[in-house]
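J.: You'll find upload31.txt just under this line, and it carries compact mmCIF, C-alpha atoms.
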```
# COMPACT_ATOMS: atom_id res chain seq x y z
CA MET A 30 8.60 1.32 -9.82
CA PRO A 31 5.17 -0.33 -9.56
CA THR A 32 4.73 -4.08 -9.56
CA LEU A 33 2.05 -5.10 -12.05
CA MET A 34 -0.78 -7.35 -10.98
CA THR A 35 -1.08 -10.81 -12.45
CA PRO A 36 -3.94 -13.31 -12.21
CA LYS A 37 -4.21 -14.80 -8.70
CA SER A 38 -2.00 -12.05 -7.23
CA LYS A 39 -3.15 -10.10 -4.21
CA VAL A 40 -4.81 -6.85 -5.25
CA PRO A 41 -2.92 -3.79 -3.95
CA ASN A 42 -4.16 -1.93 -0.92
CA ILE A 43 -5.36 1.15 -2.83
CA GLU A 44 -7.79 3.29 -0.86
CA LEU A 45 -9.82 5.94 -2.65
CA PRO A 46 -12.42 8.45 -1.48
CA LEU A 47 -15.97 7.94 -2.73
CA VAL A 48 -18.01 10.87 -4.06
CA SER A 49 -20.85 9.77 -1.77
CA GLY A 50 -18.56 9.84 1.28
CA GLY A 51 -16.44 7.19 2.89
CA THR A 52 -13.74 5.27 1.12
CA PHE A 53 -13.26 2.31 -1.18
CA ASN A 54 -10.33 -0.02 -0.56
CA MET A 55 -9.55 -2.46 -3.35
CA ALA A 56 -7.92 -4.98 -1.01
CA GLU A 57 -10.77 -4.97 1.51
CA ALA A 58 -13.70 -5.55 -0.83
CA SER A 59 -15.66 -8.58 0.33
CA PRO A 60 -18.61 -9.30 -1.93
CA GLU A 61 -20.30 -12.70 -1.90
CA LYS A 62 -18.88 -13.53 -5.33
CA PHE A 63 -16.79 -10.89 -7.17
CA GLN A 64 -15.84 -7.23 -6.90
CA ILE A 65 -15.91 -5.50 -10.31
CA ILE A 66 -13.73 -2.39 -10.51
CA VAL A 67 -14.24 -0.23 -13.58
CA ALA A 68 -11.46 2.28 -14.24
CA TYR A 69 -12.72 5.12 -16.41
CA ARG A 70 -10.83 7.94 -18.12
CA GLY A 71 -12.67 10.79 -16.41
CA TYR A 72 -15.29 13.49 -16.68
CA HIS A 73 -13.99 14.61 -20.09
CA CYS A 74 -14.79 11.27 -21.76
CA PRO A 75 -18.15 10.78 -23.55
CA LYS A 76 -17.53 7.01 -23.84
CA CYS A 77 -17.07 6.88 -20.06
CA GLU A 78 -20.34 8.73 -19.59
CA MET A 79 -22.16 6.15 -21.73
CA GLN A 80 -20.48 3.25 -19.93
CA LEU A 81 -21.14 4.52 -16.41
CA LYS A 82 -24.77 5.41 -17.20
CA ALA A 83 -25.31 1.86 -18.48
CA LEU A 84 -23.61 0.37 -15.41
CA ASP A 85 -25.64 2.56 -13.09
CA LYS A 86 -28.82 0.92 -14.37
CA LYS A 87 -27.43 -2.56 -13.56
CA VAL A 88 -26.00 -2.04 -10.06
CA GLU A 89 -28.95 -3.66 -8.28
CA SER A 90 -28.84 -6.64 -10.65
CA PHE A 91 -25.11 -7.11 -9.98
CA ARG A 92 -25.73 -6.96 -6.24
CA ALA A 93 -28.60 -9.44 -6.54
CA ASP A 94 -26.12 -11.82 -8.20
CA GLY A 95 -23.74 -11.34 -5.24
CA HIS A 96 -21.28 -9.01 -6.98
CA GLU A 97 -20.22 -5.48 -6.05
CA ILE A 98 -19.20 -2.83 -8.56
CA VAL A 99 -17.37 0.49 -8.28
CA ALA A 100 -16.00 2.98 -10.82
CA ILE A 101 -12.62 4.61 -10.20
CA SER A 102 -10.62 7.35 -11.92
CA MET A 103 -7.73 9.75 -11.57
CA ASP A 104 -10.25 12.60 -11.61
CA THR A 105 -10.22 15.08 -8.76
CA GLU A 106 -13.13 15.12 -6.34
CA GLU A 107 -14.57 18.16 -8.12
CA ARG A 108 -14.50 16.46 -11.56
CA ALA A 109 -15.91 13.21 -10.14
CA LYS A 110 -18.78 15.10 -8.49
CA LYS A 111 -19.53 16.85 -11.80
CA ALA A 112 -19.62 13.51 -13.59
CA LEU A 113 -21.93 12.00 -10.97
CA LYS A 114 -24.33 14.95 -11.13
CA GLU A 115 -24.28 15.75 -14.86
CA TRP A 116 -24.35 12.11 -15.95
CA GLY A 117 -27.23 11.33 -13.57
CA ILE A 118 -25.42 8.50 -11.77
CA GLU A 119 -27.56 7.33 -8.85
CA ASP A 120 -26.45 3.87 -7.67
CA LEU A 121 -22.97 3.25 -9.04
CA PRO A 122 -20.31 4.10 -6.43
CA ILE A 123 -17.72 6.50 -7.86
CA ALA A 124 -14.22 6.70 -6.36
CA HIS A 125 -11.77 9.42 -7.35
CA SER A 126 -8.21 10.68 -6.94
CA LEU A 127 -6.43 7.52 -8.09
CA GLU A 128 -2.72 8.35 -7.91
CA LEU A 129 -0.50 7.98 -10.98
CA MET A 130 1.71 5.28 -9.45
CA ASP A 131 -1.35 3.31 -8.30
CA ALA A 132 -2.82 3.52 -11.81
CA LYS A 133 0.47 2.19 -13.15
CA THR A 134 0.48 -0.60 -10.54
CA LEU A 135 -2.93 -1.65 -11.84
CA GLY A 136 -1.40 -1.77 -15.32
CA LEU A 137 -3.55 1.05 -16.67
CA PHE A 138 -2.21 2.93 -19.65
CA ILE A 139 -1.60 6.64 -19.00
CA SER A 140 -2.33 9.37 -21.54
CA ASP A 141 -1.33 13.01 -21.85
CA SER A 142 -4.06 15.53 -22.59
CA ILE A 143 -4.74 16.46 -26.20
CA SER A 144 -7.31 19.15 -25.42
CA ASP A 145 -8.04 21.68 -22.69
CA LYS A 146 -11.07 19.59 -21.61
CA GLU A 147 -8.79 16.80 -20.41
CA PRO A 148 -6.63 16.71 -17.29
CA HIS A 149 -2.87 16.85 -17.88
CA LEU A 150 -2.58 13.07 -17.22
CA PHE A 151 -5.29 10.44 -16.93
CA SER A 152 -5.62 6.68 -17.12
CA GLU A 153 -7.21 4.81 -19.96
CA PRO A 154 -10.03 2.39 -19.14
CA GLY A 155 -9.81 -1.01 -17.52
CA VAL A 156 -11.93 -3.54 -15.70
CA PHE A 157 -10.65 -5.62 -12.78
CA VAL A 158 -12.45 -8.56 -11.20
CA VAL A 159 -11.42 -9.45 -7.66
CA ARG A 160 -12.31 -12.62 -5.77
CA PRO A 161 -13.66 -12.35 -2.20
CA ASP A 162 -10.18 -13.39 -0.94
CA GLY A 163 -8.69 -10.21 -2.49
CA THR A 164 -6.92 -11.89 -5.42
CA LEU A 165 -7.21 -10.84 -9.05
CA TYR A 166 -9.52 -13.10 -11.06
CA ALA A 167 -9.63 -11.21 -14.37
CA GLU A 168 -8.57 -7.95 -15.97
CA HIS A 169 -9.33 -6.09 -19.17
CA ILE A 170 -7.00 -3.16 -19.90
CA GLN A 171 -7.17 -0.85 -22.91
CA ASN A 172 -5.10 1.96 -24.33
CA THR A 173 -8.05 3.56 -26.15
CA PRO A 174 -11.42 4.88 -25.00
CA PHE A 175 -13.30 2.46 -27.27
CA GLY A 176 -13.57 -1.35 -27.33
CA ARG A 177 -14.61 -1.82 -23.71
CA PRO A 178 -15.83 -5.25 -22.57
CA ASP A 179 -19.57 -5.80 -22.32
CA ILE A 180 -20.18 -5.84 -18.56
CA GLY A 181 -23.39 -7.86 -18.95
CA ASP A 182 -21.42 -10.58 -20.73
CA LEU A 183 -18.70 -10.33 -18.08
CA VAL A 184 -21.22 -10.75 -15.23
CA GLU A 185 -22.82 -13.71 -17.00
CA GLY A 186 -19.36 -15.30 -17.16
CA LEU A 187 -18.67 -14.47 -13.50
CA ASN A 188 -21.96 -16.07 -12.47
CA PHE A 189 -20.89 -19.21 -14.37
CA ALA A 190 -17.44 -19.07 -12.75
CA ALA A 191 -18.90 -18.74 -9.25
CA LYS A 192 -21.45 -21.53 -9.78
CA ASN A 193 -18.92 -23.94 -11.31
CA ASP A 194 -15.80 -22.95 -9.34
CA TYR A 195 -14.18 -22.02 -12.66
CA PRO A 196 -10.49 -21.30 -12.03
CA THR A 197 -8.52 -18.14 -12.68
CA ARG A 198 -6.98 -18.44 -16.16
CA GLY A 199 -3.70 -17.11 -17.57
CA THR A 200 -1.57 -18.45 -14.74
CA SER A 201 0.66 -20.96 -16.56
CA ILE A 202 4.40 -20.41 -16.07
CA ALA A 203 5.14 -21.92 -19.51
```
Before anything else, please render the file you have as structure tokens.

T.:
Amino acid sequence: MPTLMTPKSKVPNIELPLVSGGTFNMAEASPEKFQIIVAYRGYHCPKCEMQLKALDKKVESFRADGHEIVAISMDTEERAKKALKEWGIEDLPIAHSLELMDAKTLGLFISDSISDKEPHLFSEPGVFVVRPDGTLYAEHIQNTPFGRPDIGDLVEGLNFAAKNDYPTRGTSIA
């Protein structure tokens, strides 16, 4: 049974292959400020296509602010490569083959397919923000393809947090 992440907890050591080659390891990310991990539903999702295209245009801006960003999914390598190519993604790193138990450890909701365009199982979207020390700063998890957080607004908040040493919230034991 997976152990769910909570604010300030150490991010799990999940290693995923990148479409561009190499690997992405959630626990080893070491940006200057924050690592932004965007979990997307997969190649079948038009909302994901819109989101990743928009993110792709902002990658350099995020890096200039000291943040790194990566998109991850349960898609196979083949489906992730199709998404990268057909969606015209150029700068946004895309990791694939997230295992079911790892998706559950992240707290992502899992859905069964409702059409032949979808894989049998896939995760719903989420956004995770990791501090340079490998601990979870923030998370946004959804059970629907719509209602995703505005990443521009999120980055603006992260820039404020980094500048002002704003603490991780949601940690009270009350």

J.: Give me the residues near range 150-159 of chain A as a PyMOL selection string, where near means some atom within 8 Å (using all atoms listed in the file) and where sequence neighbours in that chain fewer than 5 positions away do not count.

T.: chain A and resi 40+63-71+102-104+132+137-142+164-174+177

J.: Could you pull the residues within 9 Å of Lys86 in chain A, counting all atoms listed in the file, minus those fewer than 4 positions along the same chain, as a PyMOL selection string?

T.: chain A and resi 81-82+90+118-121

J.: Give me the residues within 12 Å of Asn42 in chain A as an NGL selection string, counting all atoms listed in the file and dropping any in the same chain fewer than 6 places off.

T.: :A and (34 or 53-58 or 131 or 134-135 or 163-164)

J.: Quick check, in Å to one decimal: how far apart do CA of Lys192 in chain A and CA of Arg160 in chain A lie?

T.: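 Spanning CA of Lys192 in chain A to CA of Arg160 in chain A is a straight-line distance of 13.4 Å.
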
J.: Would you work out the distance separating CA of His125 in chain A from CA of Lys110 in chain A, expressed in Å to one decimal?

T.: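 Going from CA of His125 in chain A over to CA of Lys110 in chain A covers 9.1 Å.
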
J.: Is it possible to get the residues within 6 Å of (-14.5, 9.8, -6.8) (coordinates as in the file, counting all atoms listed in the file) written as JSON, numbers by chain?

T.: {"A": [46, 47, 48, 106, 109, 123, 124, 125]}

J.: Can I get N, CA and C atoms for range 53-77 of chain A, as an mmCIF file, in the first residue's frame?

T.:
```cif
data_model
loop_
_atom_site.group_PDB
_atom_site.id
_atom_site.type_symbol
_atom_site.label_atom_id
_atom_site.label_comp_id
_atom_site.auth_asym_id
_atom_site.auth_seq_id
_atom_site.Cartn_x
_atom_site.Cartn_y
_atom_site.Cartn_z
ATOM 1 N N PHE A 53 14.463 11.138 -15.376
ATOM 2 C CA PHE A 53 14.078 12.153 -14.404
ATOM 3 C C PHE A 53 13.831 11.438 -13.092
ATOM 4 N N ASN A 54 14.443 11.911 -12.017
ATOM 5 C CA ASN A 54 14.237 11.340 -10.696
ATOM 6 C C ASN A 54 13.660 12.427 -9.800
ATOM 7 N N MET A 55 12.453 12.202 -9.319
ATOM 8 C CA MET A 55 11.778 13.210 -8.498
ATOM 9 C C MET A 55 12.583 13.594 -7.272
ATOM 10 N N ALA A 56 13.242 12.635 -6.638
ATOM 11 C CA ALA A 56 13.962 12.887 -5.392
ATOM 12 C C ALA A 56 15.309 13.563 -5.617
ATOM 13 N N GLU A 57 15.811 13.550 -6.834
ATOM 14 C CA GLU A 57 17.133 14.106 -7.097
ATOM 15 C C GLU A 57 17.092 15.447 -7.815
ATOM 16 N N ALA A 58 15.928 15.988 -8.027
ATOM 17 C CA ALA A 58 15.828 17.289 -8.691
ATOM 18 C C ALA A 58 16.486 18.345 -7.808
ATOM 19 N N SER A 59 17.286 19.202 -8.406
ATOM 20 C CA SER A 59 17.965 20.221 -7.595
ATOM 21 C C SER A 59 17.975 21.581 -8.288
ATOM 22 N N PRO A 60 16.795 22.156 -8.504
ATOM 23 C CA PRO A 60 16.765 23.494 -9.082
ATOM 24 C C PRO A 60 17.218 24.515 -8.046
ATOM 25 N N GLU A 61 17.451 25.716 -8.498
ATOM 26 C CA GLU A 61 17.828 26.813 -7.589
ATOM 27 C C GLU A 61 16.700 27.093 -6.605
ATOM 28 N N LYS A 62 15.451 27.092 -7.104
ATOM 29 C CA LYS A 62 14.316 27.418 -6.242
ATOM 30 C C LYS A 62 13.373 26.224 -6.079
ATOM 31 N N PHE A 63 12.546 25.935 -7.112
ATOM 32 C CA PHE A 63 11.563 24.859 -6.997
ATOM 33 C C PHE A 63 11.553 23.992 -8.248
ATOM 34 N N GLN A 64 11.195 22.734 -8.055
ATOM 35 C CA GLN A 64 10.948 21.798 -9.149
ATOM 36 C C GLN A 64 9.427 21.690 -9.276
ATOM 37 N N ILE A 65 8.896 21.946 -10.459
ATOM 38 C CA ILE A 65 7.458 21.846 -10.708
ATOM 39 C C ILE A 65 7.225 20.590 -11.535
ATOM 40 N N ILE A 66 6.438 19.671 -11.000
ATOM 41 C CA ILE A 66 6.154 18.403 -11.666
ATOM 42 C C ILE A 66 4.671 18.397 -12.032
ATOM 43 N N VAL A 67 4.405 18.344 -13.321
ATOM 44 C CA VAL A 67 3.027 18.383 -13.815
ATOM 45 C C VAL A 67 2.638 16.990 -14.287
ATOM 46 N N ALA A 68 1.732 16.358 -13.559
ATOM 47 C CA ALA A 68 1.223 15.045 -13.964
ATOM 48 C C ALA A 68 0.047 15.290 -14.910
ATOM 49 N N TYR A 69 0.129 14.688 -16.085
ATOM 50 C CA TYR A 69 -0.957 14.847 -17.057
ATOM 51 C C TYR A 69 -1.562 13.487 -17.368
ATOM 52 N N ARG A 70 -2.786 13.489 -17.874
ATOM 53 C CA ARG A 70 -3.561 12.270 -18.080
ATOM 54 C C ARG A 70 -2.987 11.398 -19.191
ATOM 55 N N GLY A 71 -2.470 12.025 -20.243
ATOM 56 C CA GLY A 71 -1.900 11.245 -21.337
ATOM 57 C C GLY A 71 -2.256 11.786 -22.704
ATOM 58 N N TYR A 72 -1.733 11.119 -23.693
ATOM 59 C CA TYR A 72 -1.876 11.496 -25.100
ATOM 60 C C TYR A 72 -3.333 11.672 -25.525
ATOM 61 N N HIS A 73 -4.238 10.928 -24.927
ATOM 62 C CA HIS A 73 -5.648 10.953 -25.305
ATOM 63 C C HIS A 73 -6.373 12.230 -24.878
ATOM 64 N N CYS A 74 -5.757 13.056 -24.048
ATOM 65 C CA CYS A 74 -6.462 14.150 -23.380
ATOM 66 C C CYS A 74 -6.245 15.505 -24.051
ATOM 67 N N PRO A 75 -7.288 16.095 -24.650
ATOM 68 C CA PRO A 75 -7.136 17.408 -25.289
ATOM 69 C C PRO A 75 -6.807 18.524 -24.296
ATOM 70 N N LYS A 76 -7.298 18.433 -23.055
ATOM 71 C CA LYS A 76 -6.966 19.435 -22.032
ATOM 72 C C LYS A 76 -5.475 19.367 -21.695
ATOM 73 N N CYS A 77 -4.927 18.160 -21.685
ATOM 74 C CA CYS A 77 -3.495 17.987 -21.423
ATOM 75 C C CYS A 77 -2.678 18.607 -22.553
#
```
